[in-house]
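Colleague: Provided herewith: model_34.txt, compact mmCIF, C-alpha atoms (C1' of nucleotides).
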```txt
# COMPACT_ATOMS: atom_id res chain seq x y z
CA MET R 1 12.51 -10.80 -1.53
CA GLY R 2 9.19 -9.00 -1.80
CA LEU R 3 7.43 -11.27 0.67
CA THR R 4 5.99 -9.59 3.75
CA LYS R 5 6.68 -11.54 6.94
CA THR R 6 3.17 -11.29 8.37
CA GLU R 7 3.90 -13.93 11.02
CA LEU R 8 6.13 -11.43 12.82
CA PHE R 9 3.24 -9.07 13.53
CA THR R 10 0.06 -9.04 15.56
CA ASP R 11 -3.37 -9.53 14.06
CA GLN R 12 -4.14 -5.90 14.69
CA GLN R 13 -1.01 -4.72 12.91
CA ASN R 14 -1.72 -6.97 9.94
CA GLU R 15 -5.34 -5.85 9.79
CA ILE R 16 -4.50 -2.16 9.77
CA ALA R 17 -1.89 -2.78 7.08
CA GLN R 18 -4.33 -4.78 4.98
CA ILE R 19 -7.00 -2.11 5.07
CA ALA R 20 -4.47 0.66 4.48
CA LYS R 21 -3.38 -1.23 1.39
CA ALA R 22 -6.91 -0.93 0.04
CA PHE R 23 -6.56 2.85 0.39
CA SER R 24 -3.00 2.92 -0.94
CA HIS R 25 -3.85 3.44 -4.59
CA PRO R 26 -5.42 6.68 -5.84
CA ALA R 27 -7.78 4.81 -8.15
CA ARG R 28 -9.24 2.92 -5.20
CA VAL R 29 -9.44 6.13 -3.18
CA ALA R 30 -11.24 7.76 -6.11
CA ILE R 31 -13.67 4.84 -6.33
CA ILE R 32 -14.39 5.04 -2.61
CA LEU R 33 -14.84 8.82 -2.65
CA HIS R 34 -17.15 8.51 -5.64
CA LEU R 35 -19.23 5.87 -3.90
CA LEU R 36 -19.38 8.03 -0.77
CA LYS R 37 -20.76 10.88 -2.85
CA ILE R 38 -23.00 9.00 -5.25
CA ASN R 39 -24.02 6.17 -2.90
CA ALA R 40 -24.00 3.55 -5.66
CA CYS R 41 -22.69 3.20 -9.17
CA ILE R 42 -21.65 0.69 -11.78
CA ASN R 43 -18.27 -0.22 -13.21
CA SER R 44 -18.80 1.61 -16.51
CA ASP R 45 -19.67 4.84 -14.65
CA LEU R 46 -16.28 4.63 -12.98
CA VAL R 47 -14.59 4.02 -16.32
CA GLN R 48 -16.13 7.31 -17.49
CA GLU R 49 -15.31 9.11 -14.24
CA MET R 50 -11.65 8.05 -14.18
CA GLY R 51 -9.60 7.42 -17.28
CA LEU R 52 -8.67 3.81 -16.65
CA ALA R 53 -9.58 0.73 -18.66
CA GLN R 54 -12.57 -1.35 -17.66
CA ALA R 55 -10.40 -4.33 -16.74
CA THR R 56 -8.34 -2.14 -14.44
CA ILE R 57 -11.37 -0.72 -12.62
CA SER R 58 -12.77 -4.21 -12.26
CA GLN R 59 -9.53 -5.35 -10.67
CA HIS R 60 -9.56 -2.47 -8.17
CA LEU R 61 -13.21 -3.15 -7.35
CA ARG R 62 -12.39 -6.77 -6.67
CA GLU R 63 -9.71 -5.77 -4.15
CA LEU R 64 -12.14 -3.45 -2.39
CA LYS R 65 -14.73 -6.24 -2.32
CA GLU R 66 -12.23 -8.76 -0.99
CA ILE R 67 -11.37 -6.44 1.90
CA GLY R 68 -15.11 -5.91 2.44
CA ILE R 69 -15.21 -2.13 2.09
CA VAL R 70 -17.36 -2.35 -1.03
CA LYS R 71 -20.33 -4.55 -1.87
CA GLY R 72 -21.63 -5.39 -5.35
CA THR R 73 -25.02 -6.77 -6.34
CA ILE R 74 -26.01 -7.93 -9.79
CA GLU R 75 -28.67 -5.70 -11.29
CA GLY R 76 -29.63 -7.24 -14.60
CA VAL R 77 -26.75 -6.70 -16.92
CA SER R 78 -24.78 -4.42 -14.65
CA VAL R 79 -23.44 -4.62 -11.10
CA ASN R 80 -24.36 -2.09 -8.47
CA TYR R 81 -21.45 -1.18 -6.26
CA CYS R 82 -21.74 0.60 -2.92
CA ILE R 83 -20.02 1.11 0.39
CA ASN R 84 -20.49 -1.67 2.95
CA ALA R 85 -21.85 0.30 5.92
CA GLU R 86 -20.83 -2.20 8.59
CA LYS R 87 -17.28 -2.53 7.33
CA TRP R 88 -16.96 1.21 6.88
CA GLU R 89 -17.85 1.72 10.53
CA GLU R 90 -15.39 -0.97 11.55
CA VAL R 91 -12.54 0.56 9.51
CA LYS R 92 -13.35 4.00 10.89
CA LEU R 93 -13.15 2.74 14.47
CA LEU R 94 -9.94 0.81 13.80
CA PHE R 95 -8.18 3.88 12.44
CA ASN R 96 -9.67 6.31 14.93
CA GLU R 97 -8.50 4.11 17.77
CA MET R 98 -4.98 4.34 16.38
CA PHE R 99 -5.14 8.07 15.72
CA GLU R 100 -6.32 8.75 19.25
CA ARG R 101 -3.46 6.83 20.81
CA TYR R 102 -1.11 9.71 20.35
CA ASN R 103 -0.55 11.88 23.37
CA PRO R 104 2.21 14.39 22.80
CA PRO R 105 5.05 14.00 25.31
CA PRO R 106 4.99 16.48 28.22
CA THR R 107 8.58 17.46 27.58
CA ASN R 108 9.70 17.89 24.02
CA ASP R 109 12.87 15.96 24.64
CA CYS R 110 12.29 13.27 22.06
CA CYS R 111 12.97 14.91 18.73
CA MET U 1 3.07 -1.95 -16.33
CA GLY U 2 3.13 -1.48 -12.57
CA LEU U 3 3.13 2.28 -12.90
CA THR U 4 0.36 4.16 -11.11
CA LYS U 5 -1.22 6.85 -13.28
CA THR U 6 -1.23 9.58 -10.64
CA GLU U 7 -2.02 12.26 -13.20
CA LEU U 8 -5.54 10.89 -13.50
CA PHE U 9 -6.37 11.67 -9.89
CA THR U 10 -6.84 14.72 -7.71
CA ASP U 11 -4.23 15.92 -5.24
CA GLN U 12 -6.44 14.82 -2.39
CA GLN U 13 -6.84 11.33 -3.80
CA ASN U 14 -3.10 11.02 -4.34
CA GLU U 15 -2.34 12.31 -0.86
CA ILE U 16 -4.67 9.88 0.86
CA ALA U 17 -3.19 7.05 -1.19
CA GLN U 18 0.35 8.10 -0.38
CA ILE U 19 -0.26 8.22 3.35
CA ALA U 20 -2.22 4.98 3.28
CA LYS U 21 0.78 3.38 1.60
CA ALA U 22 2.88 4.30 4.63
CA PHE U 23 0.41 2.32 6.75
CA SER U 24 0.12 -0.53 4.26
CA HIS U 25 2.91 -2.67 5.68
CA PRO U 26 2.61 -4.34 9.10
CA ALA U 27 6.23 -3.52 9.98
CA ARG U 28 5.53 0.18 9.51
CA VAL U 29 2.30 -0.11 11.48
CA ALA U 30 4.24 -1.88 14.24
CA ILE U 31 6.86 0.88 14.23
CA ILE U 32 4.19 3.56 14.46
CA LEU U 33 2.28 1.75 17.22
CA HIS U 34 5.52 1.29 19.15
CA LEU U 35 6.37 4.97 18.82
CA LEU U 36 2.87 5.89 19.94
CA LYS U 37 3.33 3.79 23.06
CA ILE U 38 6.96 4.50 23.84
CA ASN U 39 7.10 8.08 22.54
CA ALA U 40 10.62 7.72 21.17
CA CYS U 41 13.05 4.95 20.38
CA ILE U 42 16.03 4.02 18.30
CA ASN U 43 16.47 1.70 15.35
CA SER U 44 18.13 -1.08 17.34
CA ASP U 45 15.24 -1.11 19.83
CA LEU U 46 12.93 -1.81 16.92
CA VAL U 47 15.20 -4.58 15.67
CA GLN U 48 14.79 -6.21 19.09
CA GLU U 49 11.04 -5.54 19.19
CA MET U 50 10.34 -6.94 15.74
CA GLY U 51 12.31 -9.76 14.17
CA LEU U 52 13.51 -7.95 11.07
CA ALA U 53 17.07 -7.10 10.06
CA GLN U 54 18.51 -3.69 10.86
CA ALA U 55 18.69 -2.72 7.19
CA THR U 56 15.03 -3.56 6.74
CA ILE U 57 13.92 -1.48 9.72
CA SER U 58 16.06 1.39 8.51
CA GLN U 59 14.36 1.24 5.13
CA HIS U 60 10.87 1.31 6.69
CA LEU U 61 11.91 4.22 8.92
CA ARG U 62 13.11 6.12 5.88
CA GLU U 63 9.73 5.73 4.19
CA LEU U 64 7.95 6.97 7.30
CA LYS U 65 10.33 9.91 7.48
CA GLU U 66 9.83 10.74 3.80
CA ILE U 67 6.09 10.88 4.29
CA GLY U 68 6.65 13.03 7.37
CA ILE U 69 4.88 10.84 9.92
CA VAL U 70 8.11 10.15 11.78
CA LYS U 71 10.98 12.42 12.73
CA GLY U 72 14.52 11.39 13.61
CA THR U 73 17.18 13.38 15.42
CA ILE U 74 20.77 12.38 15.85
CA GLU U 75 21.61 11.74 19.47
CA GLY U 76 25.30 10.98 19.60
CA VAL U 77 25.80 7.61 17.96
CA SER U 78 22.16 6.73 17.73
CA VAL U 79 19.09 8.34 16.18
CA ASN U 80 16.01 9.14 18.19
CA TYR U 81 12.82 8.44 16.28
CA CYS U 82 9.42 9.79 17.24
CA ILE U 83 6.02 10.68 15.85
CA ASN U 84 5.78 14.06 14.12
CA ALA U 85 2.92 15.69 16.05
CA GLU U 86 1.92 18.18 13.35
CA LYS U 87 1.84 15.57 10.60
CA TRP U 88 0.00 13.11 12.82
CA GLU U 89 -2.74 15.67 13.38
CA GLU U 90 -2.87 16.40 9.66
CA VAL U 91 -3.17 12.72 8.74
CA LYS U 92 -5.82 12.22 11.39
CA LEU U 93 -7.91 15.07 10.00
CA LEU U 94 -7.46 13.90 6.42
CA PHE U 95 -8.72 10.41 7.20
CA ASN U 96 -11.45 11.53 9.58
CA GLU U 97 -12.79 13.88 6.96
CA MET U 98 -13.08 10.92 4.60
CA PHE U 99 -14.59 8.58 7.19
CA GLU U 100 -17.24 11.14 8.11
CA ARG U 101 -18.36 11.59 4.52
CA TYR U 102 -20.42 8.46 4.65
CA ASN U 103 -24.11 8.92 5.26
CA PRO U 104 -26.03 5.70 4.83
CA PRO U 105 -28.72 5.95 2.15
CA PRO U 106 -32.28 6.54 3.44
CA THR U 107 -33.55 3.62 1.40
CA ASN U 108 -31.49 0.49 1.25
CA ASP U 109 -32.01 0.16 -2.49
CA CYS U 110 -28.35 0.24 -3.45
CA CYS U 111 -26.94 -3.14 -2.46
C1' DT W 1 44.82 5.85 16.96
C1' DA W 2 42.04 1.66 16.85
C1' DA W 3 37.95 -0.51 18.04
C1' DT W 4 33.04 -0.24 18.85
C1' DT W 5 28.37 1.19 18.31
C1' DA W 6 24.41 2.74 15.67
C1' DC W 7 22.58 3.67 11.31
C1' DA W 8 22.32 4.49 6.32
C1' DT W 9 23.10 2.95 1.78
C1' DT W 10 23.99 -0.20 -1.97
C1' DG W 11 23.10 -4.15 -4.64
C1' DC W 12 20.53 -7.95 -5.46
C1' DA W 13 16.97 -11.79 -5.59
C1' DA W 14 12.23 -12.94 -4.84
C1' DT W 15 7.76 -11.51 -5.06
C1' DA W 16 3.81 -8.15 -5.60
C1' DT W 17 1.37 -4.57 -8.00
C1' DT W 18 -0.46 -2.00 -11.88
C1' DA W 19 -2.45 -1.62 -16.32
C1' DC W 20 -4.59 -3.31 -20.32
C1' DG W 21 -5.89 -6.13 -24.50
C1' DA W 22 -8.23 -10.23 -25.40
C1' DT W 23 -11.57 -13.25 -24.23
C1' DG W 24 -15.40 -15.43 -21.65
C1' DA W 25 -19.97 -15.45 -19.23
C1' DA W 26 -24.44 -13.64 -18.34
C1' DT W 27 -28.34 -10.76 -19.18
C1' DG W 28 -31.55 -8.20 -21.94
C1' DA W 29 -33.14 -6.38 -26.52
C1' DA W 30 -34.24 -6.89 -31.44
C1' DT S 1 -31.67 -16.73 -32.26
C1' DT S 2 -28.51 -12.98 -32.83
C1' DC S 3 -26.58 -8.96 -31.17
C1' DA S 4 -25.20 -5.56 -27.83
C1' DT S 5 -24.03 -4.42 -23.11
C1' DT S 6 -21.72 -5.11 -18.78
C1' DC S 7 -18.56 -7.05 -16.17
C1' DA S 8 -14.99 -10.70 -14.71
C1' DT S 9 -10.96 -13.23 -15.69
C1' DC S 10 -6.66 -14.49 -18.00
C1' DG S 11 -2.24 -13.56 -19.69
C1' DT S 12 1.46 -10.56 -19.99
C1' DA S 13 4.70 -6.59 -19.73
C1' DA S 14 6.49 -2.94 -16.95
C1' DT S 15 7.46 -1.40 -12.61
C1' DA S 16 7.44 -1.40 -7.39
C1' DT S 17 8.17 -3.52 -2.94
C1' DT S 18 10.33 -6.39 0.53
C1' DG S 19 14.19 -8.28 2.88
C1' DC S 20 18.89 -8.84 3.80
C1' DA S 21 24.08 -9.31 3.51
C1' DA S 22 27.74 -6.41 2.73
C1' DT S 23 29.62 -2.18 3.12
C1' DG S 24 30.01 2.81 4.22
C1' DT S 25 29.75 6.72 7.62
C1' DA S 26 29.90 9.20 11.83
C1' DA S 27 30.33 9.58 16.72
C1' DT S 28 32.04 7.47 21.08
C1' DT S 29 35.20 4.78 23.80
C1' DA S 30 39.47 2.54 25.11
```
Can you dump the structure from the file as structure tokens?

Modeller:
Amino acid sequence: MGLTKTELFTDQQNEIAQIAKAFSHPARVAIILHLLKINACINSDLVQEMGLAQATISQHLRELKEIGIVKGTIEGVSVNYCINAEKWEEVKLLFNEMFERYNPPPTNDCC
Amino acid sequence: MGLTKTELFTDQQNEIAQIAKAFSHPARVAIILHLLKINACINSDLVQEMGLAQATISQHLRELKEIGIVKGTIEGVSVNYCINAEKWEEVKLLFNEMFERYNPPPTNDCC
DNA sequence: TAATTACATTGCAATATTACGATGAATGAA
DNA sequence: TTCATTCATCGTAATATTGCAATGTAATTA
């Protein structure tokens, strides 16, 4: 079918999945890593940095903006993109909370 | 096209994206969270837990196994699934390293 | 052996994603 | 005003994902 049955899952599960989806394409990871390094940049910089078409980068940036990880402000003719600090912290906590849930079983009888 | 141009990106970028993809569906998140809580379980337990068909769960489990996050060992008629401790640690470090890269700009002149 | 249980795999339909050319909108420069 | 720059959006083609019924496989039980 291709239609995810989100109603079967908790809000937390859906939220983790939604944010993970933002990270699930290397172009978006590359954009995020570039923003982390450079602090702010414009669409055409990213077109230079990666080898994708401008329309494609714009589409990826929109997804990152929709999730809230990235912010963009109009700066004359260009748009300044950067990491949304508050959301970044939130995402970090959400994933860390999950990562820390694992406590290896005392006996190794599971697998 | 629908075909990700992985050759444009670094190994690290592709690896983060690949692992994030494993987390990008709420059913797989639910499976992982359940395994974290319960330590080990079988396919049919998950079918009860979530409302998806057995074939669908099996498919999600296969993806998690392919990535390495989950291990499965045959236990008579059933298969015991559990978190792969080594891979879990690796994934945790990979994501934490990324999360910690962010240092908010001294001046808020970006966005 | 025959039936049962637990999963995996196959095949398919519905939908989502990826990529990009073409085009549109807005700003600034000549 | 006209042109160039920057980016968003639209439309479309190629491919990927999701979900499940049907079927296959292997081990256990009667």

Colleague: Find, counting only C-alpha atoms, the residue in U:His34, U:Lys5, U:His60, U:Lys21 that gets nearest to chain R.

Modeller: U:Lys21

Colleague: Check every residue of chain U for an atom within 8 Å of chain W, counting all atoms listed in the file, and provide those that qualify as a list of chain:residue names.

Modeller: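 Listing them in order of chain and number gives U:Met1, U:Gly2, U:Leu3, U:Thr4, U:Asn43, U:Ser44, U:Ser58, U:Val77, U:Ser78, U:Val79.
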
Colleague: Extract, using all atoms listed in the file, all DNA, RNA and protein residues at most 9 Å from Gly72 (chain R), discarding same-chain residues fewer than 6 positions from it, and format them as a PyMOL selection string.

Modeller: (chain R and resi 42+61+65+79-83) or (chain U and resi 110-111)

Colleague: Could you list, as a PyMOL selection string, the residues of chain S having an atom within 10 Å of chain U when counting all atoms listed in the file?

Modeller: chain S and resi 12-16+18-21+26-28

Colleague: What does the structure give for the distance between CA of Val91 (chain R) and CA of Glu63 (chain U), in Å to one decimal?

Modeller: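 Spanning CA of Val91 (chain R) to CA of Glu63 (chain U) is a straight-line distance of 23.5 Å.
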
Colleague: For a test of reading the model, state the distance in Å between CA of Val70 (chain U) and CA of Tyr102 (chain U), rounded to one decimal.

Modeller: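 Result for CA of Val70 (chain U) versus CA of Tyr102 (chain U): 29.5 Å, one decimal.
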
Colleague: Please, which residues of chain R lie no more than 8 Å from chain U when the count uses all atoms listed in the file, and can they be set out as a PDB file with C-alpha atoms, in the frame of the given file?

Modeller:
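Result file follows (part12.pdb):
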```
ATOM      1  CA  THR R   4       5.990  -9.590   3.750  1.00  0.00           C
ATOM      2  CA  THR R   6       3.170 -11.290   8.370  1.00  0.00           C
ATOM      3  CA  LEU R   8       6.130 -11.430  12.820  1.00  0.00           C
ATOM      4  CA  PHE R   9       3.240  -9.070  13.530  1.00  0.00           C
ATOM      5  CA  GLN R  13      -1.010  -4.720  12.910  1.00  0.00           C
ATOM      6  CA  ASN R  14      -1.720  -6.970   9.940  1.00  0.00           C
ATOM      7  CA  ILE R  16      -4.500  -2.160   9.770  1.00  0.00           C
ATOM      8  CA  ALA R  17      -1.890  -2.780   7.080  1.00  0.00           C
ATOM      9  CA  GLN R  18      -4.330  -4.780   4.980  1.00  0.00           C
ATOM     10  CA  ILE R  19      -7.000  -2.110   5.070  1.00  0.00           C
ATOM     11  CA  ALA R  20      -4.470   0.660   4.480  1.00  0.00           C
ATOM     12  CA  LYS R  21      -3.380  -1.230   1.390  1.00  0.00           C
ATOM     13  CA  PHE R  23      -6.560   2.850   0.390  1.00  0.00           C
ATOM     14  CA  SER R  24      -3.000   2.920  -0.940  1.00  0.00           C
ATOM     15  CA  HIS R  25      -3.850   3.440  -4.590  1.00  0.00           C
ATOM     16  CA  PRO R  26      -5.420   6.680  -5.840  1.00  0.00           C
ATOM     17  CA  ALA R  27      -7.780   4.810  -8.150  1.00  0.00           C
ATOM     18  CA  VAL R  29      -9.440   6.130  -3.180  1.00  0.00           C
ATOM     19  CA  ALA R  30     -11.240   7.760  -6.110  1.00  0.00           C
ATOM     20  CA  LEU R  33     -14.840   8.820  -2.650  1.00  0.00           C
ATOM     21  CA  LEU R  36     -19.380   8.030  -0.770  1.00  0.00           C
ATOM     22  CA  LYS R  37     -20.760  10.880  -2.850  1.00  0.00           C
ATOM     23  CA  ASN R  39     -24.020   6.170  -2.900  1.00  0.00           C
ATOM     24  CA  ALA R  40     -24.000   3.550  -5.660  1.00  0.00           C
ATOM     25  CA  MET R  50     -11.650   8.050 -14.180  1.00  0.00           C
ATOM     26  CA  GLY R  51      -9.600   7.420 -17.280  1.00  0.00           C
ATOM     27  CA  LYS R  71     -20.330  -4.550  -1.870  1.00  0.00           C
ATOM     28  CA  GLY R  72     -21.630  -5.390  -5.350  1.00  0.00           C
ATOM     29  CA  THR R  73     -25.020  -6.770  -6.340  1.00  0.00           C
ATOM     30  CA  ASN R  80     -24.360  -2.090  -8.470  1.00  0.00           C
ATOM     31  CA  TYR R  81     -21.450  -1.180  -6.260  1.00  0.00           C
ATOM     32  CA  CYS R  82     -21.740   0.600  -2.920  1.00  0.00           C
ATOM     33  CA  ALA R  85     -21.850   0.300   5.920  1.00  0.00           C
ATOM     34  CA  TRP R  88     -16.960   1.210   6.880  1.00  0.00           C
ATOM     35  CA  LYS R  92     -13.350   4.000  10.890  1.00  0.00           C
ATOM     36  CA  ASN R  96      -9.670   6.310  14.930  1.00  0.00           C
ATOM     37  CA  MET R  98      -4.980   4.340  16.380  1.00  0.00           C
ATOM     38  CA  PHE R  99      -5.140   8.070  15.720  1.00  0.00           C
ATOM     39  CA  ARG R 101      -3.460   6.830  20.810  1.00  0.00           C
ATOM     40  CA  TYR R 102      -1.110   9.710  20.350  1.00  0.00           C
ATOM     41  CA  ASN R 103      -0.550  11.880  23.370  1.00  0.00           C
ATOM     42  CA  PRO R 104       2.210  14.390  22.800  1.00  0.00           C
ATOM     43  CA  PRO R 105       5.050  14.000  25.310  1.00  0.00           C
ATOM     44  CA  CYS R 110      12.290  13.270  22.060  1.00  0.00           C
ATOM     45  CA  CYS R 111      12.970  14.910  18.730  1.00  0.00           C
TER      46      CYS R 111
END
```

Colleague: CA of Leu64 (chain R) and C1' of DT5 (chain S), how far apart in Å?

Modeller: 23.9 Å

Colleague: Could you model N, CA, C and O atoms for region 66-90 of chain U and present them as a PDB file, in the coordinates of the input?

Modeller:
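Heads up, here's the output in selection_0.pdb:
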```pdb
ATOM      1  N   GLU U  66      10.094  10.051   5.068  1.00  0.00           N
ATOM      2  CA  GLU U  66       9.830  10.740   3.800  1.00  0.00           C
ATOM      3  C   GLU U  66       8.407  11.265   3.744  1.00  0.00           C
ATOM      4  O   GLU U  66       8.160  12.367   3.256  1.00  0.00           O
ATOM      5  N   ILE U  67       7.483  10.464   4.245  1.00  0.00           N
ATOM      6  CA  ILE U  67       6.090  10.880   4.290  1.00  0.00           C
ATOM      7  C   ILE U  67       5.904  11.998   5.314  1.00  0.00           C
ATOM      8  O   ILE U  67       5.051  12.855   5.174  1.00  0.00           O
ATOM      9  N   GLY U  68       6.716  11.978   6.357  1.00  0.00           N
ATOM     10  CA  GLY U  68       6.650  13.030   7.370  1.00  0.00           C
ATOM     11  C   GLY U  68       6.028  12.582   8.679  1.00  0.00           C
ATOM     12  O   GLY U  68       5.965  13.343   9.630  1.00  0.00           O
ATOM     13  N   ILE U  69       5.562  11.336   8.730  1.00  0.00           N
ATOM     14  CA  ILE U  69       4.880  10.840   9.920  1.00  0.00           C
ATOM     15  C   ILE U  69       5.852  10.704  11.089  1.00  0.00           C
ATOM     16  O   ILE U  69       5.491  10.876  12.240  1.00  0.00           O
ATOM     17  N   VAL U  70       7.109  10.390  10.758  1.00  0.00           N
ATOM     18  CA  VAL U  70       8.110  10.150  11.780  1.00  0.00           C
ATOM     19  C   VAL U  70       9.267  11.137  11.611  1.00  0.00           C
ATOM     20  O   VAL U  70       9.616  11.503  10.484  1.00  0.00           O
ATOM     21  N   LYS U  71       9.804  11.560  12.740  1.00  0.00           N
ATOM     22  CA  LYS U  71      10.980  12.420  12.730  1.00  0.00           C
ATOM     23  C   LYS U  71      12.139  11.674  13.378  1.00  0.00           C
ATOM     24  O   LYS U  71      11.930  10.821  14.228  1.00  0.00           O
ATOM     25  N   GLY U  72      13.356  12.012  12.992  1.00  0.00           N
ATOM     26  CA  GLY U  72      14.520  11.390  13.610  1.00  0.00           C
ATOM     27  C   GLY U  72      15.586  12.433  13.872  1.00  0.00           C
ATOM     28  O   GLY U  72      15.895  13.234  12.993  1.00  0.00           O
ATOM     29  N   THR U  73      16.103  12.443  15.110  1.00  0.00           N
ATOM     30  CA  THR U  73      17.180  13.380  15.420  1.00  0.00           C
ATOM     31  C   THR U  73      18.389  12.638  15.943  1.00  0.00           C
ATOM     32  O   THR U  73      18.261  11.719  16.750  1.00  0.00           O
ATOM     33  N   ILE U  74      19.527  13.045  15.462  1.00  0.00           N
ATOM     34  CA  ILE U  74      20.770  12.380  15.850  1.00  0.00           C
ATOM     35  C   ILE U  74      21.088  12.700  17.295  1.00  0.00           C
ATOM     36  O   ILE U  74      21.005  13.845  17.735  1.00  0.00           O
ATOM     37  N   GLU U  75      21.378  11.640  18.028  1.00  0.00           N
ATOM     38  CA  GLU U  75      21.610  11.740  19.470  1.00  0.00           C
ATOM     39  C   GLU U  75      22.912  11.012  19.762  1.00  0.00           C
ATOM     40  O   GLU U  75      22.914   9.875  20.210  1.00  0.00           O
ATOM     41  N   GLY U  76      24.019  11.658  19.455  1.00  0.00           N
ATOM     42  CA  GLY U  76      25.300  10.980  19.600  1.00  0.00           C
ATOM     43  C   GLY U  76      25.445   9.943  18.510  1.00  0.00           C
ATOM     44  O   GLY U  76      25.349  10.248  17.331  1.00  0.00           O
ATOM     45  N   VAL U  77      25.608   8.697  18.921  1.00  0.00           N
ATOM     46  CA  VAL U  77      25.800   7.610  17.960  1.00  0.00           C
ATOM     47  C   VAL U  77      24.468   7.123  17.395  1.00  0.00           C
ATOM     48  O   VAL U  77      24.405   6.645  16.273  1.00  0.00           O
ATOM     49  N   SER U  78      23.436   7.281  18.178  1.00  0.00           N
ATOM     50  CA  SER U  78      22.160   6.730  17.730  1.00  0.00           C
ATOM     51  C   SER U  78      21.232   7.834  17.213  1.00  0.00           C
ATOM     52  O   SER U  78      21.536   9.017  17.282  1.00  0.00           O
ATOM     53  N   VAL U  79      20.089   7.400  16.696  1.00  0.00           N
ATOM     54  CA  VAL U  79      19.090   8.340  16.180  1.00  0.00           C
ATOM     55  C   VAL U  79      17.788   8.123  16.921  1.00  0.00           C
ATOM     56  O   VAL U  79      17.316   6.995  17.028  1.00  0.00           O
ATOM     57  N   ASN U  80      17.247   9.198  17.433  1.00  0.00           N
ATOM     58  CA  ASN U  80      16.010   9.140  18.190  1.00  0.00           C
ATOM     59  C   ASN U  80      14.830   9.338  17.244  1.00  0.00           C
ATOM     60  O   ASN U  80      14.693  10.400  16.645  1.00  0.00           O
ATOM     61  N   TYR U  81      13.991   8.329  17.138  1.00  0.00           N
ATOM     62  CA  TYR U  81      12.820   8.440  16.280  1.00  0.00           C
ATOM     63  C   TYR U  81      11.579   8.717  17.107  1.00  0.00           C
ATOM     64  O   TYR U  81      11.414   8.169  18.190  1.00  0.00           O
ATOM     65  N   CYS U  82      10.699   9.571  16.565  1.00  0.00           N
ATOM     66  CA  CYS U  82       9.420   9.790  17.240  1.00  0.00           C
ATOM     67  C   CYS U  82       8.375  10.249  16.240  1.00  0.00           C
ATOM     68  O   CYS U  82       8.686  10.586  15.094  1.00  0.00           O
ATOM     69  N   ILE U  83       7.131  10.231  16.676  1.00  0.00           N
ATOM     70  CA  ILE U  83       6.020  10.680  15.850  1.00  0.00           C
ATOM     71  C   ILE U  83       6.115  12.190  15.642  1.00  0.00           C
ATOM     72  O   ILE U  83       6.401  12.929  16.577  1.00  0.00           O
ATOM     73  N   ASN U  84       5.861  12.631  14.421  1.00  0.00           N
ATOM     74  CA  ASN U  84       5.780  14.060  14.120  1.00  0.00           C
ATOM     75  C   ASN U  84       4.368  14.553  14.440  1.00  0.00           C
ATOM     76  O   ASN U  84       3.418  14.260  13.707  1.00  0.00           O
ATOM     77  N   ALA U  85       4.240  15.295  15.538  1.00  0.00           N
ATOM     78  CA  ALA U  85       2.920  15.690  16.050  1.00  0.00           C
ATOM     79  C   ALA U  85       2.079  16.423  15.019  1.00  0.00           C
ATOM     80  O   ALA U  85       0.892  16.119  14.854  1.00  0.00           O
ATOM     81  N   GLU U  86       2.676  17.375  14.321  1.00  0.00           N
ATOM     82  CA  GLU U  86       1.920  18.180  13.350  1.00  0.00           C
ATOM     83  C   GLU U  86       1.377  17.296  12.222  1.00  0.00           C
ATOM     84  O   GLU U  86       0.214  17.403  11.839  1.00  0.00           O
ATOM     85  N   LYS U  87       2.253  16.434  11.712  1.00  0.00           N
ATOM     86  CA  LYS U  87       1.840  15.570  10.600  1.00  0.00           C
ATOM     87  C   LYS U  87       0.794  14.574  11.056  1.00  0.00           C
ATOM     88  O   LYS U  87      -0.152  14.280  10.329  1.00  0.00           O
ATOM     89  N   TRP U  88       0.962  14.071  12.278  1.00  0.00           N
ATOM     90  CA  TRP U  88       0.000  13.110  12.820  1.00  0.00           C
ATOM     91  C   TRP U  88      -1.390  13.726  12.858  1.00  0.00           C
ATOM     92  O   TRP U  88      -2.378  13.102  12.461  1.00  0.00           O
ATOM     93  N   GLU U  89      -1.461  14.961  13.312  1.00  0.00           N
ATOM     94  CA  GLU U  89      -2.740  15.670  13.380  1.00  0.00           C
ATOM     95  C   GLU U  89      -3.329  15.853  11.979  1.00  0.00           C
ATOM     96  O   GLU U  89      -4.527  15.664  11.768  1.00  0.00           O
ATOM     97  N   GLU U  90      -2.452  16.180  11.054  1.00  0.00           N
ATOM     98  CA  GLU U  90      -2.870  16.400   9.660  1.00  0.00           C
ATOM     99  C   GLU U  90      -3.450  15.120   9.053  1.00  0.00           C
ATOM    100  O   GLU U  90      -4.508  15.133   8.415  1.00  0.00           O
TER     101      GLU U  90
END
```
